[in-house]
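Remarks on the structure that follows.
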Amino acid sequence: MYDQTRARQPADQPPGLTGRRTQGPEPLLPSDERDKIVRHLGHAVNTFADTPGEALEEAESAFDEATDALVKALTERRRALRASWQDQDPETQSAELRFALREYREITQRLLRA
């Protein structure tokens, strides 16, 4: 039976290394980047009553930061995944190919649920 928790591993380890993760999927954005965007958006919300126009511009800026960071993170994740399977021999490396397929599926499903 397929075990999702065993199929995941930290981004700082290439596929195939031992030490698989046992918790849910890692966030797409690093915590410091997420925190910065959340603070930016929170400031916009907190200043809305006094300066609604500026608050909306700041909220839009936070949205743009979030989308840019997400696109950058997804592009890097795609690059790393592709590099993990691109030159593999399908007959001898089927475990690695299955891992890459699970990663593609997980990320795509997460995007569709967002």
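Residue numbers start at 1 in each chain; chains themselves are named A, B, ... in the order of the structure tokens; ligands are numbered from 1 in the order shown.
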(Q) Going by DSSP on the backbone, which residues of stretch 10-114 of chain A come out as alpha helix (DSSP H)? List them as a PyMOL selection string. (A) chain A and resi 31-47+52-85+94-113
Output the selection as an mmCIF file, in the first residue's frame - C-alpha atoms for each residue.
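Output file selection.cif follows:
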data_model
loop_
_atom_site.group_PDB
_atom_site.id
_atom_site.type_symbol
_atom_site.label_atom_id
_atom_site.label_comp_id
_atom_site.auth_asym_id
_atom_site.auth_seq_id
_atom_site.Cartn_x
_atom_site.Cartn_y
_atom_site.Cartn_z
ATOM 1 C CA SER A 31 9.060 30.571 6.802
ATOM 2 C CA ASP A 32 11.018 33.847 6.835
ATOM 3 C CA GLU A 33 9.627 34.789 3.435
ATOM 4 C CA ARG A 34 6.074 33.839 4.471
ATOM 5 C CA ASP A 35 6.443 35.831 7.701
ATOM 6 C CA LYS A 36 7.597 38.914 5.802
ATOM 7 C CA ILE A 37 4.590 38.750 3.461
ATOM 8 C CA VAL A 38 2.188 38.166 6.365
ATOM 9 C CA ARG A 39 3.610 41.197 8.219
ATOM 10 C CA HIS A 40 3.278 43.286 5.068
ATOM 11 C CA LEU A 41 -0.352 42.234 4.619
ATOM 12 C CA GLY A 42 -1.085 42.687 8.340
ATOM 13 C CA HIS A 43 0.231 46.241 8.174
ATOM 14 C CA ALA A 44 -2.090 46.940 5.261
ATOM 15 C CA VAL A 45 -5.082 45.599 7.180
ATOM 16 C CA ASN A 46 -4.170 47.548 10.324
ATOM 17 C CA THR A 47 -3.812 50.864 8.497
ATOM 18 C CA PRO A 52 -7.692 52.965 2.870
ATOM 19 C CA GLY A 53 -6.117 53.761 -0.493
ATOM 20 C CA GLU A 54 -2.571 53.259 0.739
ATOM 21 C CA ALA A 55 -3.627 50.120 2.615
ATOM 22 C CA LEU A 56 -5.076 48.631 -0.557
ATOM 23 C CA GLU A 57 -1.908 49.427 -2.469
ATOM 24 C CA GLU A 58 0.129 47.777 0.283
ATOM 25 C CA ALA A 59 -2.168 44.729 0.252
ATOM 26 C CA GLU A 60 -1.748 44.494 -3.506
ATOM 27 C CA SER A 61 2.015 44.707 -3.052
ATOM 28 C CA ALA A 62 1.895 41.860 -0.493
ATOM 29 C CA PHE A 63 -0.173 39.810 -2.945
ATOM 30 C CA ASP A 64 2.387 40.463 -5.691
ATOM 31 C CA GLU A 65 5.232 39.450 -3.353
ATOM 32 C CA ALA A 66 3.409 36.227 -2.479
ATOM 33 C CA THR A 67 2.692 35.282 -6.091
ATOM 34 C CA ASP A 68 6.240 36.116 -7.215
ATOM 35 C CA ALA A 69 7.733 34.079 -4.369
ATOM 36 C CA LEU A 70 5.419 31.164 -5.101
ATOM 37 C CA VAL A 71 6.272 31.140 -8.801
ATOM 38 C CA LYS A 72 9.975 31.267 -7.953
ATOM 39 C CA ALA A 73 9.641 28.424 -5.414
ATOM 40 C CA LEU A 74 7.633 26.262 -7.818
ATOM 41 C CA THR A 75 10.122 26.873 -10.616
ATOM 42 C CA GLU A 76 12.993 25.807 -8.363
ATOM 43 C CA ARG A 77 11.068 22.737 -7.143
ATOM 44 C CA ARG A 78 10.348 21.763 -10.752
ATOM 45 C CA ARG A 79 14.009 22.203 -11.707
ATOM 46 C CA ALA A 80 15.166 20.017 -8.813
ATOM 47 C CA LEU A 81 12.588 17.335 -9.557
ATOM 48 C CA ARG A 82 13.454 17.251 -13.240
ATOM 49 C CA ALA A 83 17.149 16.984 -12.445
ATOM 50 C CA SER A 84 16.410 14.016 -10.171
ATOM 51 C CA TRP A 85 14.896 11.888 -12.937
ATOM 52 C CA SER A 94 12.309 2.858 -10.995
ATOM 53 C CA ALA A 95 12.207 3.735 -7.278
ATOM 54 C CA GLU A 96 13.647 7.176 -7.968
ATOM 55 C CA LEU A 97 11.236 7.697 -10.854
ATOM 56 C CA ARG A 98 8.290 6.697 -8.645
ATOM 57 C CA PHE A 99 9.455 9.173 -6.017
ATOM 58 C CA ALA A 100 9.607 11.970 -8.602
ATOM 59 C CA LEU A 101 6.129 11.076 -9.863
ATOM 60 C CA ARG A 102 4.751 11.187 -6.308
ATOM 61 C CA GLU A 103 6.352 14.598 -5.783
ATOM 62 C CA TYR A 104 4.835 15.970 -9.010
ATOM 63 C CA ARG A 105 1.448 14.583 -8.009
ATOM 64 C CA GLU A 106 1.638 15.975 -4.466
ATOM 65 C CA ILE A 107 2.634 19.474 -5.547
ATOM 66 C CA THR A 108 0.035 19.563 -8.324
ATOM 67 C CA GLN A 109 -2.703 18.394 -5.955
ATOM 68 C CA ARG A 110 -1.685 21.008 -3.401
ATOM 69 C CA LEU A 111 -1.929 23.704 -6.064
ATOM 70 C CA LEU A 112 -5.362 22.517 -7.146
ATOM 71 C CA ARG A 113 -6.621 22.565 -3.537
#
